[in-house]
$ cat work-v1.cif   # mmCIF, C-alpha atoms
data_start
loop_
_atom_site.label_atom_id
_atom_site.label_comp_id
_atom_site.auth_asym_id
_atom_site.auth_seq_id
_atom_site.Cartn_x
_atom_site.Cartn_y
_atom_site.Cartn_z
CA MET A 81 -0.59 -17.57 -17.13
CA ASN A 82 -3.17 -14.85 -17.38
CA ALA A 83 -2.71 -11.36 -15.97
CA TYR A 84 -5.63 -9.28 -14.82
CA ILE A 85 -6.41 -5.61 -14.95
CA PHE A 86 -7.79 -3.76 -11.94
CA GLY A 87 -9.04 -7.05 -10.49
CA ASN A 88 -8.68 -7.90 -6.81
CA THR A 89 -8.43 -11.67 -6.84
CA ASN A 90 -8.21 -11.75 -3.04
CA CYS A 91 -11.54 -9.98 -2.57
CA CYS A 92 -14.01 -12.04 -0.57
CA CYS A 93 -16.98 -9.73 -1.11
CA PRO A 94 -19.75 -11.66 -2.95
CA ARG A 95 -21.16 -8.46 -4.45
CA VAL A 96 -17.85 -7.57 -6.05
CA LYS A 97 -17.30 -11.16 -7.16
CA ASP A 98 -20.72 -11.19 -8.80
CA GLN A 99 -20.29 -7.82 -10.50
CA GLN A 100 -16.64 -7.96 -11.40
CA ARG A 101 -15.75 -9.02 -14.92
CA ILE A 102 -12.04 -9.56 -15.12
CA TYR A 103 -10.34 -8.63 -18.35
CA SER A 104 -7.95 -11.46 -19.23
CA LEU A 105 -4.74 -10.28 -20.80
CA ASN A 106 -4.65 -12.68 -23.74
CA LYS A 107 -2.94 -10.04 -25.81
CA GLY A 108 0.29 -8.39 -24.88
CA VAL A 109 2.80 -5.89 -26.04
CA GLU A 110 3.19 -7.86 -29.26
CA SER A 111 -0.31 -6.69 -30.22
CA LEU A 112 0.88 -3.08 -30.38
CA SER A 113 2.03 -1.51 -33.63
CA LYS A 114 5.66 -0.55 -34.07
CA GLU A 115 4.86 3.10 -33.30
CA GLU A 116 2.73 2.19 -30.26
CA HIS A 117 5.40 -0.15 -28.96
CA GLY A 118 8.02 2.61 -29.22
CA LEU A 119 5.86 5.08 -27.31
CA PHE A 120 4.96 2.47 -24.71
CA PHE A 121 8.60 1.47 -24.23
CA ASP A 122 9.68 5.09 -23.82
CA ALA A 123 6.93 5.67 -21.24
CA VAL A 124 7.62 2.65 -19.06
CA GLN A 125 11.38 3.26 -19.20
CA SER A 126 11.07 6.94 -18.29
CA LEU A 127 8.65 6.26 -15.45
CA GLY A 128 10.20 3.03 -14.18
CA LEU A 129 6.88 1.18 -14.06
CA PRO A 130 6.53 -2.32 -12.56
CA ASN A 131 5.41 -5.24 -14.75
CA GLU A 132 1.87 -5.40 -13.38
CA VAL A 133 1.25 -1.79 -14.37
CA LYS A 134 2.69 -2.42 -17.83
CA GLN A 135 0.39 -5.40 -18.35
CA ALA A 136 -2.65 -3.54 -17.08
CA ALA A 137 -1.88 -0.54 -19.29
CA VAL A 138 -1.59 -2.67 -22.42
CA ALA A 139 -4.83 -4.50 -21.62
CA LEU A 140 -6.67 -1.26 -20.96
CA TYR A 141 -5.35 0.40 -24.11
CA LEU A 142 -6.21 -2.57 -26.33
CA ASP A 143 -9.68 -2.72 -24.79
CA PHE A 144 -10.20 0.99 -25.51
CA LYS A 145 -8.77 0.69 -29.01
CA SER A 146 -11.22 -2.10 -29.90
CA ARG A 147 -14.27 0.03 -29.03
CA PRO A 148 -15.97 2.47 -31.45
CA ILE A 149 -14.38 5.50 -29.78
CA GLY A 150 -10.97 3.87 -30.14
CA GLU A 151 -11.58 3.08 -33.80
CA TYR A 152 -12.67 6.68 -34.35
CA ASN A 153 -9.48 8.05 -32.80
CA ALA A 154 -7.39 5.54 -34.73
CA ASP A 155 -8.87 6.89 -37.96
CA HIS A 156 -7.90 10.39 -36.85
CA LYS A 157 -4.40 9.23 -35.84
CA ASN A 158 -5.04 10.43 -32.31
CA LEU A 159 -4.26 7.35 -30.21
CA ASP A 160 -0.93 8.40 -28.67
CA ILE A 161 -2.53 10.39 -25.86
CA PHE A 162 -4.81 7.44 -25.05
CA LEU A 163 -1.86 5.09 -24.73
CA ILE A 164 -0.24 7.48 -22.25
CA ALA A 165 -3.58 7.91 -20.44
CA SER A 166 -3.92 4.11 -20.18
CA ILE A 167 -0.54 3.99 -18.46
CA SER A 168 -1.53 6.82 -16.13
CA LEU A 169 -4.85 5.21 -15.18
CA SER A 170 -3.29 1.79 -14.65
CA ALA A 171 -0.55 3.18 -12.41
CA LYS A 172 -3.07 5.03 -10.24
CA ALA A 173 -5.62 2.22 -10.10
CA MET A 174 -2.99 -0.32 -9.08
CA GLY A 175 -1.50 1.85 -6.36
CA ASP A 176 1.65 2.97 -8.13
CA MET A 177 1.60 6.65 -7.25
CA ARG A 178 2.57 8.72 -10.23
CA THR A 179 1.77 12.39 -10.35
CA ASP A 180 0.39 14.22 -13.34
CA HIS A 181 3.53 16.35 -13.20
CA GLU A 182 5.66 13.28 -13.90
CA PHE A 183 3.62 12.47 -16.99
CA GLU A 184 3.75 16.09 -18.14
CA SER A 185 7.50 16.42 -17.78
CA LYS A 186 8.59 12.96 -18.90
CA MET A 187 6.03 12.29 -21.63
CA PHE A 188 5.66 15.88 -22.88
CA VAL A 189 1.87 15.88 -22.57
CA SER A 190 -0.37 18.63 -21.21
CA ARG A 191 -2.36 17.91 -18.06
CA GLU A 192 -5.60 19.00 -19.72
CA LYS A 193 -5.18 16.56 -22.62
CA LEU A 194 -4.20 13.76 -20.25
CA ALA A 195 -7.25 14.39 -18.04
CA ASP A 196 -9.57 14.46 -21.06
CA ALA A 197 -8.15 11.22 -22.47
CA GLU A 198 -8.45 9.46 -19.09
CA GLU A 199 -12.10 10.42 -18.80
CA ARG A 200 -12.85 9.21 -22.33
CA ILE A 201 -11.23 5.85 -21.56
CA ILE A 202 -13.13 5.45 -18.29
CA LYS A 203 -16.45 6.28 -19.95
CA SER A 204 -15.77 3.96 -22.88
CA PHE A 205 -15.72 0.87 -20.67
CA GLY A 206 -17.57 2.27 -17.68
CA VAL A 207 -20.95 1.96 -19.30
CA GLN A 208 -20.34 -1.71 -19.98
CA ASP A 209 -18.80 -2.41 -16.57
CA SER A 210 -16.24 -4.53 -18.37
CA ILE A 211 -13.19 -4.31 -16.13
CA LEU A 212 -14.26 -3.30 -12.63
CA PRO A 213 -17.64 -2.09 -11.35
CA PHE A 214 -17.69 1.53 -12.49
CA PRO A 215 -18.45 3.16 -9.10
CA ASP A 216 -15.66 1.15 -7.46
CA LEU A 217 -13.13 2.19 -10.07
CA VAL A 218 -14.10 5.87 -9.85
CA SER A 219 -13.81 5.75 -6.05
CA GLN A 220 -10.42 4.06 -6.23
CA LEU A 221 -9.06 6.58 -8.72
CA THR A 222 -10.47 9.51 -6.74
CA LYS A 223 -8.66 8.44 -3.58
CA ARG A 224 -5.42 7.97 -5.48
CA GLN A 225 -5.83 11.46 -6.92
CA ILE A 226 -6.45 12.94 -3.47
CA GLU A 227 -3.26 11.35 -2.16
CA SER A 228 -1.26 12.53 -5.15
CA MET A 229 -2.53 16.11 -4.78
CA ALA A 230 -1.81 16.16 -1.05
CA ASP A 231 1.71 14.85 -1.65
CA ARG A 232 2.30 17.61 -4.19
CA PHE A 233 1.17 20.27 -1.70
CA ALA A 234 3.45 18.82 0.97
CA GLU A 235 6.42 18.74 -1.41
CA ARG A 236 5.85 22.41 -2.19
CA GLY A 237 5.64 23.32 1.48
CA LEU A 238 2.00 24.39 1.29
CA VAL A 239 1.07 21.94 4.07
CA SER A 240 3.03 20.20 6.81
CA SER A 241 3.20 16.40 7.07
CA ASN A 242 0.53 16.42 9.78
CA GLU A 243 -1.67 18.76 7.74
CA ARG A 244 -1.20 16.50 4.74
CA GLU A 245 -2.51 13.50 6.70
CA GLU A 246 -5.48 15.48 8.02
CA LEU A 247 -6.24 16.83 4.56
CA VAL A 248 -6.33 13.34 3.05
CA HIS A 249 -8.41 11.98 5.95
CA ARG A 250 -10.93 14.83 5.79
CA SER A 251 -11.17 14.57 1.98
CA TYR A 252 -11.85 10.82 2.22
CA ASP A 253 -14.57 11.46 4.80
CA TYR A 254 -16.27 14.03 2.58
CA LEU A 255 -16.00 11.76 -0.44
CA ASP A 256 -17.52 8.77 1.35
CA ALA A 257 -20.31 10.91 2.82
CA ALA A 258 -21.13 12.46 -0.57
CA VAL A 259 -21.24 9.06 -2.28
CA GLU A 260 -23.47 7.73 0.48
CA LYS A 261 -25.82 10.68 -0.07
CA GLY A 262 -26.11 10.00 -3.78
CA LEU A 263 -23.07 11.42 -5.59
CA GLY A 264 -23.13 9.38 -8.79
CA PRO A 265 -20.14 8.13 -10.78
CA LYS A 266 -20.83 10.57 -13.62
CA MET A 267 -18.73 13.27 -11.92
CA SER A 268 -15.16 12.60 -13.02
CA TYR A 269 -12.71 11.25 -10.47
CA ARG A 270 -10.57 14.37 -10.85
CA GLY A 271 -13.65 16.54 -10.34
CA ARG A 272 -14.52 14.63 -7.17
CA ALA A 273 -10.98 14.91 -5.84
CA ALA A 274 -10.84 18.65 -6.50
CA GLY A 275 -14.29 19.24 -5.00
CA VAL A 276 -13.76 17.38 -1.73
CA MET A 277 -10.23 18.69 -1.31
CA LEU A 278 -11.31 22.30 -1.76
CA LYS A 279 -13.98 21.78 0.88
CA ALA A 280 -11.45 20.12 3.21
CA VAL A 281 -8.91 22.91 2.72
CA ARG A 282 -11.54 25.53 3.55
CA ASP A 283 -12.82 23.69 6.62
CA LEU A 284 -9.31 23.03 7.95
CA GLY A 285 -8.24 26.61 7.32
CA LEU A 286 -5.22 25.58 5.26
CA GLU A 287 -3.43 28.11 3.09
CA VAL A 288 -3.58 26.24 -0.21
CA PRO A 289 -4.67 28.53 -3.07
CA GLU A 290 -7.75 27.40 -4.97
CA ILE A 291 -5.93 27.71 -8.27
CA ASP A 292 -3.28 25.24 -7.02
CA ILE A 293 -5.98 22.72 -6.09
CA ALA A 294 -7.59 23.09 -9.51
CA ARG A 295 -4.29 22.72 -11.34
CA ALA A 296 -3.29 19.70 -9.28
CA ALA A 297 -6.50 17.99 -10.38
CA GLY A 298 -6.20 19.09 -14.01
CA PHE A 299 -9.23 21.39 -13.62
CA ASP A 300 -10.05 25.07 -13.90
CA LYS A 301 -11.31 27.03 -10.88
CA ARG A 302 -14.84 27.42 -12.25
CA SER A 303 -15.34 23.68 -12.83
CA MET A 304 -13.86 22.89 -9.44
CA ALA A 305 -16.21 25.38 -7.74
CA ILE A 306 -19.23 23.78 -9.45
CA ASN A 307 -18.22 20.32 -8.21
CA THR A 308 -17.60 21.66 -4.70
CA ASP A 309 -21.08 23.24 -4.66
CA ILE A 310 -22.62 19.90 -5.65
CA ILE A 311 -20.75 18.09 -2.87
CA ASP A 312 -21.58 20.85 -0.36
CA ALA A 313 -25.27 20.52 -1.19
CA LEU A 314 -25.19 16.75 -0.63
CA LEU A 315 -23.38 17.09 2.67
CA LYS A 316 -25.76 19.81 3.89
CA ASP A 317 -28.66 17.51 3.14
CA SER A 318 -27.02 14.83 5.25
CA SER A 319 -26.87 17.13 8.27
CA THR A 320 -30.45 18.40 8.08
#

$ encode --input "work-v1.cif" --output "structure tokens"
Amino acid sequence: MNAYIFGNTNCCCPRVKDQQRIYSLNKGVESLSKEEHGLFFDAVQSLGLPNEVKQAAVALYLDFKSRPIGEYNADHKNLDIFLIASISLSAKAMGDMRTDHEFESKMFVSREKLADAEERIIKSFGVQDSILPFPDLVSQLTKRQIESMADRFAERGLVSSNEREELVHRSYDYLDAAVEKGLGPKMSYRGRAAGVMLKAVRDLGLEVPEIDIARAAGFDKRSMAINTDIIDALLKDSST
């Protein structure tokens, strides 16, 4: 029985069916080295991940590892962070909400390194459209990131439950409008999430510090401001 990564087998959209190339999980955990298996086991145990996320993470990691960038990092003995990033991406893409803070605290990895590894993985298969149409995957991950950031703000008491819902709704609206006006998939999903959320926070008059938004997305304030300016420009064009 094959398992699939990031594939929606119930989707009835012909465009997605035509574009989507489903990665069949012919290899499993047994394809990992002893060291990789140990790290993977520790991660899934610490985070309590469901089987479908485990399978997707292994498939994604093995796909990345087989590509030139994966071979390069293998030569430099730098694959551990990419295995953790594969787990993080798979959890988010499949709707299992895990925050960056959980990965930081339980896997002892910095948010900046995790964000960088995720982006490298996405770009490695994004160009070839090998798992899910690239724009669809970026959009899916962006929305998961928005939800995760809003949940973090609510947990810290920066926004109320009602404000959290409005913040997510407004951020989604800005994201969809920006994509419709030409925001390409080259902007990272974390960059998109930070940009639209900063704009939503400003427009809603919420008291969420910019530095907290940047940190929640794994960004610095300057990069977040640049992305927000790009999104602002697109949305201004849409209203003129």

$ resolve_selection --input "work-v1.cif" --expression "the PyMOL selection byres ((chain A and resi 163) around 8)" --output "ChimeraX atom specification"
/A:116,120,137,141,159-162,164-167

$ atom_distance --input "work-v1.cif" --atom1 "CA of Val189 (chain A)" --atom2 "CA of Met277 (chain A)"
24.6 Å

$ closest_residue --input "work-v1.cif" --among "A:Arg224, A:Arg191, A:Arg232, A:Lys316" --to "Leu169 (chain A)" --atoms "only C-alpha atoms"
A:Arg224

$ closest_residue --input "work-v1.cif" --among "A:Phe299, A:Tyr269, A:Phe188, A:Tyr252" --to "Ser126 (chain A)" --atoms "only C-alpha atoms"
A:Phe188

$ resolve_selection --input "work-v1.cif" --expression "the PyMOL selection byres ((chain A and resi 231) around 12)" --output "PyMOL selection string"
chain A and resi 177-181+224-230+232-245+247-248+293+296

$ closest_residue --input "work-v1.cif" --among "A:Ser303, A:Ser170, A:Asn158, A:Ser113" --to "Ala139 (chain A)" --atoms "all atoms listed in the file"
A:Ser170

$ closest_residue --input "work-v1.cif" --among "A:Ser204, A:Ser190, A:Ser111, A:Thr308" --to "Phe144 (chain A)" --atoms "only C-alpha atoms"
A:Ser204

$ closest_residue --input "work-v1.cif" --among "A:Asp143, A:Ala173, A:Met187, A:Leu255" --to "Asp122 (chain A)" --atoms "all atoms listed in the file"
A:Met187
